[in-house]
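The structure file run_23.cif is reproduced below (mmCIF, C-alpha atoms and all ligand atoms).
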data_data
#
loop_
_atom_site.group_PDB
_atom_site.id
_atom_site.type_symbol
_atom_site.label_atom_id
_atom_site.label_comp_id
_atom_site.auth_asym_id
_atom_site.auth_seq_id
_atom_site.Cartn_x
_atom_site.Cartn_y
_atom_site.Cartn_z
ATOM 1 C CA GLN F 1 8.024 -3.787 9.324
ATOM 2 C CA THR F 2 10.912 -5.904 8.191
ATOM 3 C CA LEU F 3 8.747 -7.566 5.551
ATOM 4 C CA GLU F 4 7.812 -4.143 4.203
ATOM 5 C CA ARG F 5 11.425 -3.063 4.091
ATOM 6 C CA ASP F 6 12.562 -6.323 2.514
ATOM 7 C CA LEU F 7 9.787 -6.312 -0.083
ATOM 8 C CA ARG F 8 11.080 -2.981 -1.408
ATOM 9 C CA HIS F 9 14.275 -4.757 -2.409
ATOM 10 C CA ALA F 10 12.844 -8.114 -3.426
ATOM 11 C CA ILE F 11 12.809 -7.400 -7.165
ATOM 12 C CA GLU F 12 16.369 -6.042 -7.418
ATOM 13 C CA ARG F 13 17.617 -8.897 -5.232
ATOM 14 C CA GLY F 14 16.047 -11.447 -7.539
ATOM 15 C CA GLU F 15 13.809 -12.939 -4.830
ATOM 16 C CA LEU F 16 10.581 -12.840 -6.816
ATOM 17 C CA SER F 17 9.542 -15.551 -9.219
ATOM 18 C CA VAL F 18 6.412 -16.651 -10.999
ATOM 19 C CA HIS F 19 4.754 -20.050 -10.821
ATOM 20 C CA TYR F 20 2.168 -21.279 -13.283
ATOM 21 C CA GLN F 21 -0.892 -23.435 -12.759
ATOM 22 C CA PRO F 22 -2.311 -25.131 -15.863
ATOM 23 C CA GLN F 23 -5.842 -24.384 -16.974
ATOM 24 C CA VAL F 24 -7.224 -27.463 -18.656
ATOM 25 C CA ASN F 25 -10.012 -27.895 -21.182
ATOM 26 C CA ILE F 26 -12.465 -30.175 -19.397
ATOM 27 C CA ASN F 27 -13.428 -32.110 -22.547
ATOM 28 C CA THR F 28 -10.041 -32.643 -24.179
ATOM 29 C CA GLY F 29 -7.891 -32.718 -21.024
ATOM 30 C CA LYS F 30 -5.376 -30.452 -22.779
ATOM 31 C CA ILE F 31 -3.620 -27.479 -21.196
ATOM 32 C CA VAL F 32 -5.070 -24.356 -22.809
ATOM 33 C CA GLY F 33 -3.527 -21.767 -20.558
ATOM 34 C CA CYS F 34 -1.886 -21.115 -17.250
ATOM 35 C CA GLU F 35 -2.389 -18.741 -14.362
ATOM 36 C CA ALA F 36 0.655 -16.824 -13.153
ATOM 37 C CA PHE F 37 1.218 -16.568 -9.394
ATOM 38 C CA ALA F 38 3.820 -14.317 -7.829
ATOM 39 C CA ARG F 39 6.211 -16.048 -5.411
ATOM 40 C CA TRP F 40 8.567 -14.400 -2.956
ATOM 41 C CA SER F 41 11.449 -16.361 -1.599
ATOM 42 C CA HIS F 42 12.580 -14.354 1.426
ATOM 43 C CA PRO F 43 16.185 -14.970 2.524
ATOM 44 C CA THR F 44 15.187 -15.819 6.103
ATOM 45 C CA TYR F 45 11.450 -16.546 6.039
ATOM 46 C CA ASN F 46 11.572 -18.620 2.857
ATOM 47 C CA MET F 47 8.318 -18.570 0.931
ATOM 48 C CA VAL F 48 6.082 -15.691 1.972
ATOM 49 C CA SER F 49 2.485 -16.246 0.889
ATOM 50 C CA PRO F 50 1.208 -13.867 -1.791
ATOM 51 C CA ASP F 51 -1.857 -13.302 0.379
ATOM 52 C CA VAL F 52 0.595 -11.613 2.757
ATOM 53 C CA PHE F 53 3.021 -9.840 0.442
ATOM 54 C CA ILE F 54 0.526 -8.744 -2.202
ATOM 55 C CA SER F 55 -1.476 -6.922 0.470
ATOM 56 C CA ILE F 56 1.708 -5.361 1.838
ATOM 57 C CA ALA F 57 2.613 -4.308 -1.703
ATOM 58 C CA GLU F 58 -0.802 -2.701 -2.089
ATOM 59 C CA GLU F 59 -0.439 -0.819 1.187
ATOM 60 C CA ILE F 60 3.040 0.528 0.553
ATOM 61 C CA GLY F 61 2.499 1.371 -3.102
ATOM 62 C CA LEU F 62 4.667 -1.377 -4.581
ATOM 63 C CA ILE F 63 1.904 -3.288 -6.325
ATOM 64 C CA ASP F 64 2.348 -1.525 -9.658
ATOM 65 C CA GLU F 65 6.026 -2.375 -9.795
ATOM 66 C CA ILE F 66 5.492 -5.982 -8.699
ATOM 67 C CA GLY F 67 2.515 -6.382 -11.028
ATOM 68 C CA GLU F 68 4.561 -5.138 -13.974
ATOM 69 C CA TRP F 69 7.400 -7.444 -13.052
ATOM 70 C CA VAL F 70 5.017 -10.433 -12.966
ATOM 71 C CA LEU F 71 3.448 -9.480 -16.299
ATOM 72 C CA GLU F 72 6.854 -9.092 -17.882
ATOM 73 C CA ARG F 73 8.067 -12.450 -16.516
ATOM 74 C CA ALA F 74 4.867 -14.134 -17.725
ATOM 75 C CA CYS F 75 5.326 -12.672 -21.229
ATOM 76 C CA LYS F 76 8.940 -13.894 -21.374
ATOM 77 C CA ASP F 77 7.913 -17.383 -20.294
ATOM 78 C CA LEU F 78 5.018 -17.464 -22.752
ATOM 79 C CA LYS F 79 7.407 -16.448 -25.526
ATOM 80 C CA GLN F 80 9.584 -19.470 -24.683
ATOM 81 C CA TRP F 81 6.600 -21.802 -24.790
ATOM 82 C CA GLN F 82 5.573 -20.315 -28.127
ATOM 83 C CA ALA F 83 9.084 -20.946 -29.435
ATOM 84 C CA LEU F 84 8.713 -24.601 -28.384
ATOM 85 C CA GLY F 85 5.582 -24.814 -30.514
ATOM 86 C CA PHE F 86 2.882 -24.276 -27.885
ATOM 87 C CA THR F 87 1.402 -21.457 -29.881
ATOM 88 C CA ASP F 88 -2.178 -21.541 -28.577
ATOM 89 C CA LEU F 89 -1.326 -21.207 -24.905
ATOM 90 C CA LYS F 90 -2.781 -18.283 -22.955
ATOM 91 C CA ILE F 91 -1.480 -16.674 -19.793
ATOM 92 C CA ALA F 92 -3.736 -15.378 -17.036
ATOM 93 C CA VAL F 93 -2.282 -12.721 -14.759
ATOM 94 C CA ASN F 94 -3.862 -11.555 -11.501
ATOM 95 C CA ILE F 95 -4.198 -7.823 -11.182
ATOM 96 C CA SER F 96 -5.155 -5.739 -8.188
ATOM 97 C CA ALA F 97 -7.814 -3.091 -8.165
ATOM 98 C CA ARG F 98 -5.077 -0.599 -7.385
ATOM 99 C CA GLN F 99 -3.258 -1.402 -10.606
ATOM 100 C CA LEU F 100 -6.404 -1.046 -12.645
ATOM 101 C CA SER F 101 -7.183 2.274 -11.001
ATOM 102 C CA LYS F 102 -3.967 3.827 -12.359
ATOM 103 C CA ALA F 103 -4.540 5.811 -15.545
ATOM 104 C CA ASN F 104 -1.361 4.475 -17.192
ATOM 105 C CA PHE F 105 -2.004 0.785 -16.513
ATOM 106 C CA ARG F 106 -3.314 0.096 -20.009
ATOM 107 C CA GLN F 107 -0.358 1.779 -21.688
ATOM 108 C CA LYS F 108 2.095 -0.137 -19.507
ATOM 109 C CA ALA F 109 0.424 -3.392 -20.461
ATOM 110 C CA ILE F 110 0.646 -2.455 -24.149
ATOM 111 C CA ASN F 111 4.345 -1.610 -23.770
ATOM 112 C CA ILE F 112 5.147 -4.927 -22.101
ATOM 113 C CA LEU F 113 3.217 -6.924 -24.709
ATOM 114 C CA LEU F 114 4.991 -5.072 -27.525
ATOM 115 C CA ALA F 115 8.410 -5.431 -25.919
ATOM 116 C CA HIS F 116 7.970 -9.203 -25.749
ATOM 117 C CA ASP F 117 6.117 -9.575 -29.017
ATOM 118 C CA ILE F 118 3.039 -11.155 -27.433
ATOM 119 C CA LEU F 119 -0.376 -10.643 -29.017
ATOM 120 C CA PRO F 120 -2.948 -9.279 -26.557
ATOM 121 C CA LYS F 121 -5.325 -12.160 -27.307
ATOM 122 C CA PHE F 122 -2.943 -14.495 -25.457
ATOM 123 C CA LEU F 123 -3.243 -12.456 -22.262
ATOM 124 C CA GLU F 124 -6.046 -12.509 -19.747
ATOM 125 C CA PHE F 125 -6.309 -10.394 -16.611
ATOM 126 C CA GLU F 126 -7.981 -11.877 -13.543
ATOM 127 C CA LEU F 127 -9.794 -9.424 -11.333
ATOM 128 C CA THR F 128 -11.498 -9.909 -8.020
ATOM 129 C CA GLU F 129 -14.697 -8.095 -7.409
ATOM 130 C CA GLY F 130 -13.928 -5.561 -4.665
ATOM 131 C CA TYR F 131 -13.092 -2.891 -7.172
ATOM 132 C CA PHE F 132 -16.350 -3.110 -9.072
ATOM 133 C CA ILE F 133 -18.322 -2.489 -5.930
ATOM 134 C CA GLU F 134 -16.320 0.625 -5.114
ATOM 135 C CA ASN F 135 -16.524 2.198 -8.516
ATOM 136 C CA VAL F 136 -18.532 0.377 -11.126
ATOM 137 C CA PHE F 137 -18.462 3.218 -13.609
ATOM 138 C CA MET F 138 -14.680 3.573 -13.572
ATOM 139 C CA ALA F 139 -14.130 -0.171 -13.578
ATOM 140 C CA LYS F 140 -16.359 -0.600 -16.595
ATOM 141 C CA HIS F 141 -14.518 2.120 -18.455
ATOM 142 C CA ARG F 142 -11.066 0.726 -17.637
ATOM 143 C CA ILE F 143 -12.040 -2.834 -18.454
ATOM 144 C CA GLN F 144 -13.598 -1.889 -21.756
ATOM 145 C CA ALA F 145 -10.363 -0.120 -22.683
ATOM 146 C CA LEU F 146 -8.424 -3.352 -22.083
ATOM 147 C CA LYS F 147 -10.961 -5.455 -23.911
ATOM 148 C CA SER F 148 -10.761 -3.162 -26.919
ATOM 149 C CA LEU F 149 -7.108 -4.218 -27.193
ATOM 150 C CA ASP F 150 -8.250 -7.842 -27.247
ATOM 151 C CA ILE F 151 -6.971 -8.657 -23.762
ATOM 152 C CA GLY F 152 -9.319 -11.112 -22.024
ATOM 153 C CA ILE F 153 -10.844 -10.266 -18.672
ATOM 154 C CA SER F 154 -12.017 -12.752 -16.104
ATOM 155 C CA ILE F 155 -13.772 -12.334 -12.801
ATOM 156 C CA ASP F 156 -11.824 -14.251 -10.163
ATOM 157 C CA ASP F 157 -12.976 -15.925 -6.918
ATOM 158 C CA PHE F 158 -16.541 -15.510 -8.088
ATOM 159 C CA GLY F 159 -19.193 -15.984 -5.453
ATOM 160 C CA THR F 160 -17.179 -14.860 -2.431
ATOM 161 C CA GLY F 161 -16.432 -11.558 -0.743
ATOM 162 C CA TYR F 162 -18.385 -8.641 -2.129
ATOM 163 C CA SER F 163 -19.317 -10.584 -5.156
ATOM 164 C CA SER F 164 -22.593 -9.797 -6.820
ATOM 165 C CA LEU F 165 -24.419 -11.056 -9.842
ATOM 166 C CA LYS F 166 -24.898 -7.407 -10.743
ATOM 167 C CA SER F 167 -21.228 -7.092 -11.668
ATOM 168 C CA LEU F 168 -21.842 -9.604 -14.460
ATOM 169 C CA GLU F 169 -24.445 -7.275 -15.885
ATOM 170 C CA ASN F 170 -22.315 -4.168 -15.560
ATOM 171 C CA ILE F 171 -19.008 -5.416 -16.872
ATOM 172 C CA PRO F 172 -18.406 -7.373 -20.084
ATOM 173 C CA PHE F 173 -16.217 -10.164 -18.703
ATOM 174 C CA ASP F 174 -14.977 -12.976 -20.930
ATOM 175 C CA SER F 175 -14.851 -15.629 -18.254
ATOM 176 C CA LEU F 176 -16.004 -16.403 -14.769
ATOM 177 C CA LYS F 177 -13.848 -18.304 -12.304
ATOM 178 C CA ILE F 178 -15.897 -20.093 -9.691
ATOM 179 C CA ASP F 179 -14.207 -19.776 -6.302
ATOM 180 C CA ARG F 180 -12.756 -22.985 -4.968
ATOM 181 C CA SER F 181 -14.911 -22.869 -1.833
ATOM 182 C CA PHE F 182 -17.845 -23.832 -4.103
ATOM 183 C CA ILE F 183 -15.921 -26.621 -5.778
ATOM 184 C CA SER F 184 -14.916 -28.475 -2.669
ATOM 185 C CA ASN F 185 -17.014 -31.636 -2.195
ATOM 186 C CA LEU F 186 -19.220 -30.592 -5.064
ATOM 187 C CA ASP F 187 -20.433 -34.106 -5.606
ATOM 188 C CA SER F 188 -21.662 -34.573 -2.027
ATOM 189 C CA ASN F 189 -22.402 -31.077 -0.734
ATOM 190 C CA PHE F 190 -25.902 -30.058 -1.774
ATOM 191 C CA SER F 191 -25.458 -26.330 -1.501
ATOM 192 C CA ASN F 192 -22.162 -26.328 -3.412
ATOM 193 C CA SER F 193 -23.569 -28.467 -6.191
ATOM 194 C CA ALA F 194 -26.675 -26.276 -6.479
ATOM 195 C CA MET F 195 -24.611 -23.095 -6.566
ATOM 196 C CA THR F 196 -22.091 -24.406 -9.050
ATOM 197 C CA SER F 197 -24.473 -25.994 -11.529
ATOM 198 C CA ASN F 198 -26.575 -22.845 -11.605
ATOM 199 C CA LEU F 199 -23.609 -20.477 -11.752
ATOM 200 C CA ILE F 200 -22.453 -22.352 -14.845
ATOM 201 C CA LYS F 201 -25.887 -21.897 -16.424
ATOM 202 C CA ILE F 202 -26.009 -18.199 -15.620
ATOM 203 C CA ALA F 203 -22.500 -17.614 -16.930
ATOM 204 C CA HIS F 204 -23.194 -19.526 -20.136
ATOM 205 C CA SER F 205 -26.443 -17.718 -20.747
ATOM 206 C CA LEU F 206 -24.452 -14.460 -20.531
ATOM 207 C CA GLY F 207 -21.901 -15.799 -22.991
ATOM 208 C CA LEU F 208 -19.087 -16.277 -20.453
ATOM 209 C CA LYS F 209 -16.606 -19.113 -20.344
ATOM 210 C CA VAL F 210 -16.554 -20.905 -16.972
ATOM 211 C CA VAL F 211 -13.390 -21.960 -15.148
ATOM 212 C CA ALA F 212 -13.612 -24.007 -11.938
ATOM 213 C CA GLU F 213 -10.826 -23.376 -9.434
ATOM 214 C CA GLY F 214 -9.426 -25.757 -6.855
ATOM 215 C CA VAL F 215 -10.618 -29.016 -8.410
ATOM 216 C CA GLU F 216 -9.092 -31.790 -6.305
ATOM 217 C CA THR F 217 -11.107 -34.980 -6.807
ATOM 218 C CA VAL F 218 -12.448 -37.117 -9.639
ATOM 219 C CA GLY F 219 -15.935 -36.726 -8.161
ATOM 220 C CA GLU F 220 -15.674 -32.955 -8.468
ATOM 221 C CA LEU F 221 -14.282 -33.229 -11.989
ATOM 222 C CA ASN F 222 -17.095 -35.518 -13.131
ATOM 223 C CA PHE F 223 -19.728 -33.241 -11.669
ATOM 224 C CA LEU F 224 -18.186 -30.282 -13.549
ATOM 225 C CA LYS F 225 -18.096 -32.279 -16.779
ATOM 226 C CA ARG F 226 -21.746 -33.264 -16.442
ATOM 227 C CA HIS F 227 -22.641 -29.631 -15.888
ATOM 228 C CA GLN F 228 -20.613 -28.426 -18.861
ATOM 229 C CA CYS F 229 -17.989 -26.372 -17.113
ATOM 230 C CA ASP F 230 -15.419 -25.295 -19.731
ATOM 231 C CA GLU F 231 -12.051 -25.366 -17.983
ATOM 232 C CA ILE F 232 -10.601 -26.526 -14.687
ATOM 233 C CA GLN F 233 -7.684 -25.587 -12.523
ATOM 234 C CA GLY F 234 -6.659 -27.522 -9.448
ATOM 235 C CA PHE F 235 -4.434 -29.969 -7.661
ATOM 236 C CA ILE F 236 -6.164 -32.874 -9.462
ATOM 237 C CA PHE F 237 -4.190 -31.789 -12.491
ATOM 238 C CA SER F 238 -1.313 -29.745 -11.084
ATOM 239 C CA PRO F 239 -0.419 -27.160 -8.436
ATOM 240 C CA PRO F 240 1.282 -23.935 -9.541
ATOM 241 C CA LEU F 241 4.761 -24.882 -10.856
ATOM 242 C CA PRO F 242 7.988 -23.164 -11.904
ATOM 243 C CA ALA F 243 8.090 -22.433 -15.650
ATOM 244 C CA SER F 244 10.514 -25.293 -16.366
ATOM 245 C CA GLU F 245 8.145 -27.809 -14.800
ATOM 246 C CA LEU F 246 5.224 -26.424 -16.741
ATOM 247 C CA THR F 247 7.311 -26.927 -19.877
ATOM 248 C CA ASN F 248 7.632 -30.611 -18.951
ATOM 249 C CA LEU F 249 3.867 -30.941 -18.548
ATOM 250 C CA LEU F 250 3.331 -29.268 -21.932
ATOM 251 C CA ARG F 251 5.824 -31.649 -23.538
ATOM 252 C CA GLU F 252 3.985 -34.608 -22.077
ATOM 253 C CA GLY F 253 1.174 -33.429 -24.322
ATOM 254 C CA LYS F 254 -1.253 -32.680 -21.584
HETATM 255 O O1 LIG Z 1 -1.213 -19.740 -4.815
HETATM 256 P P1 LIG Z 1 -1.614 -18.736 -3.972
HETATM 257 O O2 LIG Z 1 -1.369 -18.841 -2.517
HETATM 258 O O3 LIG Z 1 -0.309 -18.229 -4.537
HETATM 259 O O4 LIG Z 1 -2.238 -17.300 -4.311
HETATM 260 C C1 LIG Z 1 -2.792 -16.529 -3.283
HETATM 261 C C2 LIG Z 1 -3.481 -15.281 -3.789
HETATM 262 O O5 LIG Z 1 -2.522 -14.312 -4.205
HETATM 263 C C3 LIG Z 1 -4.411 -15.542 -4.961
HETATM 264 O O6 LIG Z 1 -5.675 -15.016 -4.595
HETATM 265 C C4 LIG Z 1 -3.840 -14.744 -6.081
HETATM 266 O O7 LIG Z 1 -4.872 -14.131 -6.813
HETATM 267 C C5 LIG Z 1 -2.957 -13.710 -5.396
HETATM 268 N N1 LIG Z 1 -1.829 -13.426 -6.277
HETATM 269 C C6 LIG Z 1 -0.842 -14.286 -6.649
HETATM 270 N N2 LIG Z 1 0.009 -13.665 -7.511
HETATM 271 C C7 LIG Z 1 -0.477 -12.416 -7.703
HETATM 272 C C8 LIG Z 1 -0.046 -11.307 -8.517
HETATM 273 O O8 LIG Z 1 0.926 -11.349 -9.268
HETATM 274 N N3 LIG Z 1 -0.802 -10.171 -8.437
HETATM 275 C C9 LIG Z 1 -1.904 -10.072 -7.649
HETATM 276 N N4 LIG Z 1 -2.566 -8.921 -7.624
HETATM 277 N N5 LIG Z 1 -2.344 -11.108 -6.893
HETATM 278 C C10 LIG Z 1 -1.641 -12.265 -6.920
HETATM 279 O O1 LIG Z 2 -6.058 -16.112 -7.720
HETATM 280 P P1 LIG Z 2 -6.774 -17.022 -6.827
HETATM 281 O O2 LIG Z 2 -7.434 -16.434 -5.637
HETATM 282 O O3 LIG Z 2 -7.790 -17.748 -7.595
HETATM 283 O O4 LIG Z 2 -5.719 -18.108 -6.323
HETATM 284 C C1 LIG Z 2 -6.045 -19.442 -6.189
HETATM 285 C C2 LIG Z 2 -5.361 -20.024 -4.983
HETATM 286 O O5 LIG Z 2 -5.752 -21.399 -4.843
HETATM 287 C C3 LIG Z 2 -3.861 -20.062 -5.062
HETATM 288 O O6 LIG Z 2 -3.380 -19.862 -3.769
HETATM 289 C C4 LIG Z 2 -3.562 -21.488 -5.552
HETATM 290 O O7 LIG Z 2 -2.271 -21.923 -5.199
HETATM 291 C C5 LIG Z 2 -4.625 -22.245 -4.810
HETATM 292 N N1 LIG Z 2 -5.029 -23.514 -5.432
HETATM 293 C C6 LIG Z 2 -4.966 -23.846 -6.737
HETATM 294 N N2 LIG Z 2 -5.479 -25.074 -6.949
HETATM 295 C C7 LIG Z 2 -5.879 -25.545 -5.745
HETATM 296 C C8 LIG Z 2 -6.504 -26.764 -5.323
HETATM 297 O O8 LIG Z 2 -6.811 -27.673 -6.084
HETATM 298 N N3 LIG Z 2 -6.755 -26.869 -3.984
HETATM 299 C C9 LIG Z 2 -6.454 -25.892 -3.101
HETATM 300 N N4 LIG Z 2 -6.750 -26.112 -1.819
HETATM 301 N N5 LIG Z 2 -5.883 -24.725 -3.473
HETATM 302 C C10 LIG Z 2 -5.601 -24.543 -4.779
HETATM 303 MN MN MN Z 3 -6.630 -15.895 -9.771
HETATM 304 NA NA NA Z 4 -9.588 -17.427 -7.266
#
Is it possible to give me this structure as structure tokens?
Amino acid sequence: QTLERDLRHAIERGELSVHYQPQVNINTGKIVGCEAFARWSHPTYNMVSPDVFISIAEEIGLIDEIGEWVLERACKDLKQWQALGFTDLKIAVNISARQLSKANFRQKAINILLAHDILPKFLEFELTEGYFIENVFMAKHRIQALKSLDIGISIDDFGTGYSSLKSLENIPFDSLKIDRSFISNLDSNFSNSAMTSNLIKIAHSLGLKVVAEGVETVGELNFLKRHQCDEIQGFIFSPPLPASELTNLLREGK
């Protein structure tokens, strides 16, 4: 109850922020992009997990406003990085099914990109699969409309929840993010290594880029390299960080 009430005021009270986790090219070790994560610093409960407040936002109809705020923040931060010379960097922003289901979502995204002078090719939206199961036809239509602008689309947390290989056939994603539950102990867990190596093959044969999430160990990294994964995200490189700390990592030439 109180969280709901407080969340309604979180934006105007300046309690929301965005952290960024680098996405690293597995062959060059360079940062090629970063995923934006919403953070809520509650005055009494401190950091509230996005798993908690994003679902509250969805329930009480605040997700559009919060999603737009995150996208806007991410565009401003990207603009700063571009000004510092990091002109190839991409930003990946999580979006909820509920945002995508709104007819004006595409136009709002266009407006924010224009307002901050960011080319759509530098933006990627990360979607989880629930939505595609509920309404494949609508999802396909909406996603194609974003892709026609040159915004990238990735399928997030792939392999968990209601995930199905069929969604890869139905929707023209640009990249596939393998859920971190498959990445953990990749090098020693037979089922995870079998799943991951074959998911990479399937994704590549469909022309998708593959991003591994939650990479924590050198063993996992080496396995992913051997199996030609394209990009990694994970604590082995960096957790999600405030923009200023991501700037430091970029300056270190990573
Ligand atoms: O780091 P972490 O605990 O922040 O993220 C937890 C979950 O919250 C992730 O699954 C992530 O996709 C989701 N999440 C984080 N930020 C956002 C956001 O801005 N919008 C949406 N829809 N989900 C987000
Ligand atoms: O959007 P998505 O569901 O993919 O969010 C990924 C979640 O995983 C976030 O909560 C992020 O903070 C978290 N995360 C990112 N890298 C790692 C990692 O290496 N290990 C673990 N355990 N969690 C991670
Ligand atoms: Mn994500
Ligand atoms: Na994920």
Next on the checklist: Taking all atoms listed in the file and a cut-off of 6 Å, can you tell me which residues surround ligand MN 3 (chain Z), written as a list in words?
Outcome noted: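 Within the 6 Å cut-off, the matching residues are Asn94, Glu126 and Asp156 of chain F.
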Item to check | Given 9 Å and all atoms listed in the file, residues near ligand LIG 1 (chain Z) as a VMD selection string | outcome: chain F and resid 18 to 19 21 35 to 39 49 to 55 58 63 66 to 71 93 to 99 126 to 128 156 to 157 239 to 240
Give as an mmCIF file with C-alpha atoms, in the coordinates of the input the set of residues within 12 Å of the point (-6.5, -27.3, -11.1), where distances use the file's coordinates and all atoms listed in the file.
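Result went into part_23.cif, see below:
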data_model
loop_
_atom_site.group_PDB
_atom_site.id
_atom_site.type_symbol
_atom_site.label_atom_id
_atom_site.label_comp_id
_atom_site.auth_asym_id
_atom_site.auth_seq_id
_atom_site.Cartn_x
_atom_site.Cartn_y
_atom_site.Cartn_z
ATOM 1 C CA TYR F 20 2.168 -21.279 -13.283
ATOM 2 C CA GLN F 21 -0.892 -23.435 -12.759
ATOM 3 C CA PRO F 22 -2.311 -25.131 -15.863
ATOM 4 C CA GLN F 23 -5.842 -24.384 -16.974
ATOM 5 C CA VAL F 24 -7.224 -27.463 -18.656
ATOM 6 C CA ASN F 25 -10.012 -27.895 -21.182
ATOM 7 C CA ILE F 26 -12.465 -30.175 -19.397
ATOM 8 C CA GLY F 29 -7.891 -32.718 -21.024
ATOM 9 C CA ILE F 31 -3.620 -27.479 -21.196
ATOM 10 C CA GLY F 33 -3.527 -21.767 -20.558
ATOM 11 C CA CYS F 34 -1.886 -21.115 -17.250
ATOM 12 C CA GLU F 35 -2.389 -18.741 -14.362
ATOM 13 C CA LYS F 177 -13.848 -18.304 -12.304
ATOM 14 C CA ILE F 178 -15.897 -20.093 -9.691
ATOM 15 C CA ASP F 179 -14.207 -19.776 -6.302
ATOM 16 C CA ARG F 180 -12.756 -22.985 -4.968
ATOM 17 C CA ILE F 183 -15.921 -26.621 -5.778
ATOM 18 C CA SER F 184 -14.916 -28.475 -2.669
ATOM 19 C CA VAL F 211 -13.390 -21.960 -15.148
ATOM 20 C CA ALA F 212 -13.612 -24.007 -11.938
ATOM 21 C CA GLU F 213 -10.826 -23.376 -9.434
ATOM 22 C CA GLY F 214 -9.426 -25.757 -6.855
ATOM 23 C CA VAL F 215 -10.618 -29.016 -8.410
ATOM 24 C CA GLU F 216 -9.092 -31.790 -6.305
ATOM 25 C CA THR F 217 -11.107 -34.980 -6.807
ATOM 26 C CA VAL F 218 -12.448 -37.117 -9.639
ATOM 27 C CA GLU F 220 -15.674 -32.955 -8.468
ATOM 28 C CA LEU F 221 -14.282 -33.229 -11.989
ATOM 29 C CA GLU F 231 -12.051 -25.366 -17.983
ATOM 30 C CA ILE F 232 -10.601 -26.526 -14.687
ATOM 31 C CA GLN F 233 -7.684 -25.587 -12.523
ATOM 32 C CA GLY F 234 -6.659 -27.522 -9.448
ATOM 33 C CA PHE F 235 -4.434 -29.969 -7.661
ATOM 34 C CA ILE F 236 -6.164 -32.874 -9.462
ATOM 35 C CA PHE F 237 -4.190 -31.789 -12.491
ATOM 36 C CA SER F 238 -1.313 -29.745 -11.084
ATOM 37 C CA PRO F 239 -0.419 -27.160 -8.436
ATOM 38 C CA PRO F 240 1.282 -23.935 -9.541
ATOM 39 C CA LEU F 241 4.761 -24.882 -10.856
#
Item to check | Nearest candidate to ligand LIG 2 (chain Z) (options F:Leu186, F:Ile118, F:Leu100, F:Ile155; using all atoms listed in the file) | outcome: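 Of the candidates, the smallest distance to ligand LIG 2 (chain Z) is held by F:Ile155.
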Checklist entry - Given the choices F:Ser188, F:Ser181, F:Asn198, F:Gln80, which gets closest to ligand NA 4 (chain Z) if the distance is worked out from only C-alpha atoms and all ligand atoms? => result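 Of F:Ser188, F:Ser181, F:Asn198, F:Gln80, the one nearest ligand NA 4 (chain Z) is F:Ser181, counting only C-alpha atoms and all ligand atoms.
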So for stretch 136-148 of chain F, what box centre and size do we get, axis-aligned, 8 Å extra on each of the six sides, every listed atom, Å to one decimal, as JSON?
{"center_x": -13.5, "center_y": -0.9, "center_z": -19.0, "size_x": 26.1, "size_y": 25.0, "size_z": 31.8}
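In this comparison, which uses all atoms listed in the file, the residue of F:Leu16, F:Cys75, F:Val210, F:Ile171 approaching F:Phe122 most closely is F:Cys75.
As for atom CA of F:Glu72 and atom CA of F:Ile11, they are spaced 12.4 Å apart.
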Selection result of the PyMOL selection byres (((chain F and resi 4) around 9) and not hetatm) on this file, as a compact mmCIF listing (two decimals) with C-alpha atoms, in the frame of the given file:
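File produced: selection-v3.txt:
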# COMPACT_ATOMS: atom_id res chain seq x y z
CA GLN F 1 8.02 -3.79 9.32
CA THR F 2 10.91 -5.90 8.19
CA LEU F 3 8.75 -7.57 5.55
CA ARG F 5 11.42 -3.06 4.09
CA ASP F 6 12.56 -6.32 2.51
CA LEU F 7 9.79 -6.31 -0.08
CA ARG F 8 11.08 -2.98 -1.41
CA PHE F 53 3.02 -9.84 0.44
CA ILE F 56 1.71 -5.36 1.84
CA ALA F 57 2.61 -4.31 -1.70
CA ILE F 60 3.04 0.53 0.55
Checklist entry - Separation of atom CA of F:Asp64 and atom CA of F:Glu15, in Å? => result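 Between atom CA of F:Asp64 and atom CA of F:Glu15 the gap works out to 16.9 Å.
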Next on the checklist: List the spatial neighbours of F:His204 as a ChimeraX atom specification - criterion: any atom at most 12 Å away, all atoms listed in the file, same-chain residues fewer than 5 positions off excluded.
Outcome noted: /F:168,173-176,197-199,209-211,227-230
Next on the checklist: Just to confirm, what's the straight-line distance from atom CA of F:Asp117 to atom CA of F:Leu78 in Å (one decimal)?
Outcome noted: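 Rounded to one decimal, the two atoms are 10.1 Å apart.
The shortest atom-to-atom distance to ligand NA 4 (chain Z), with only C-alpha atoms and all ligand atoms taken into account, belongs to F:Thr160 out of F:Thr160, F:Asn189, F:Asn135, F:Ser41.
In this comparison, which uses all atoms listed in the file, the residue of F:Leu84, F:Asn222, F:Pro172, F:Ser154 approaching ligand NA 4 (chain Z) most closely is F:Ser154.
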Checklist entry - Which residue out of F:Ile153, F:Ser205, F:Asp187, F:Arg251 has the minimum interatomic distance to F:Phe223 when all atoms listed in the file are used? => result F:Asp187
So what does the PyMOL selection byres (((chain F and resi 144-151) around 7) and not hetatm) actually pick up in this one, as a PDB file with C-alpha atoms, keeping the file's coordinate frame?
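Final output, result-v2.pdb:
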ATOM      1  CA  ARG F 106      -3.314   0.096 -20.009  1.00  0.00           C
ATOM      2  CA  PRO F 120      -2.948  -9.279 -26.557  1.00  0.00           C
ATOM      3  CA  LYS F 121      -5.325 -12.160 -27.307  1.00  0.00           C
ATOM      4  CA  LEU F 123      -3.243 -12.456 -22.262  1.00  0.00           C
ATOM      5  CA  GLU F 124      -6.046 -12.509 -19.747  1.00  0.00           C
ATOM      6  CA  LYS F 140     -16.359  -0.600 -16.595  1.00  0.00           C
ATOM      7  CA  HIS F 141     -14.518   2.120 -18.455  1.00  0.00           C
ATOM      8  CA  ARG F 142     -11.066   0.726 -17.637  1.00  0.00           C
ATOM      9  CA  ILE F 143     -12.040  -2.834 -18.454  1.00  0.00           C
ATOM     10  CA  GLY F 152      -9.319 -11.112 -22.024  1.00  0.00           C
ATOM     11  CA  ILE F 153     -10.844 -10.266 -18.672  1.00  0.00           C
TER      12      ILE F 153
END
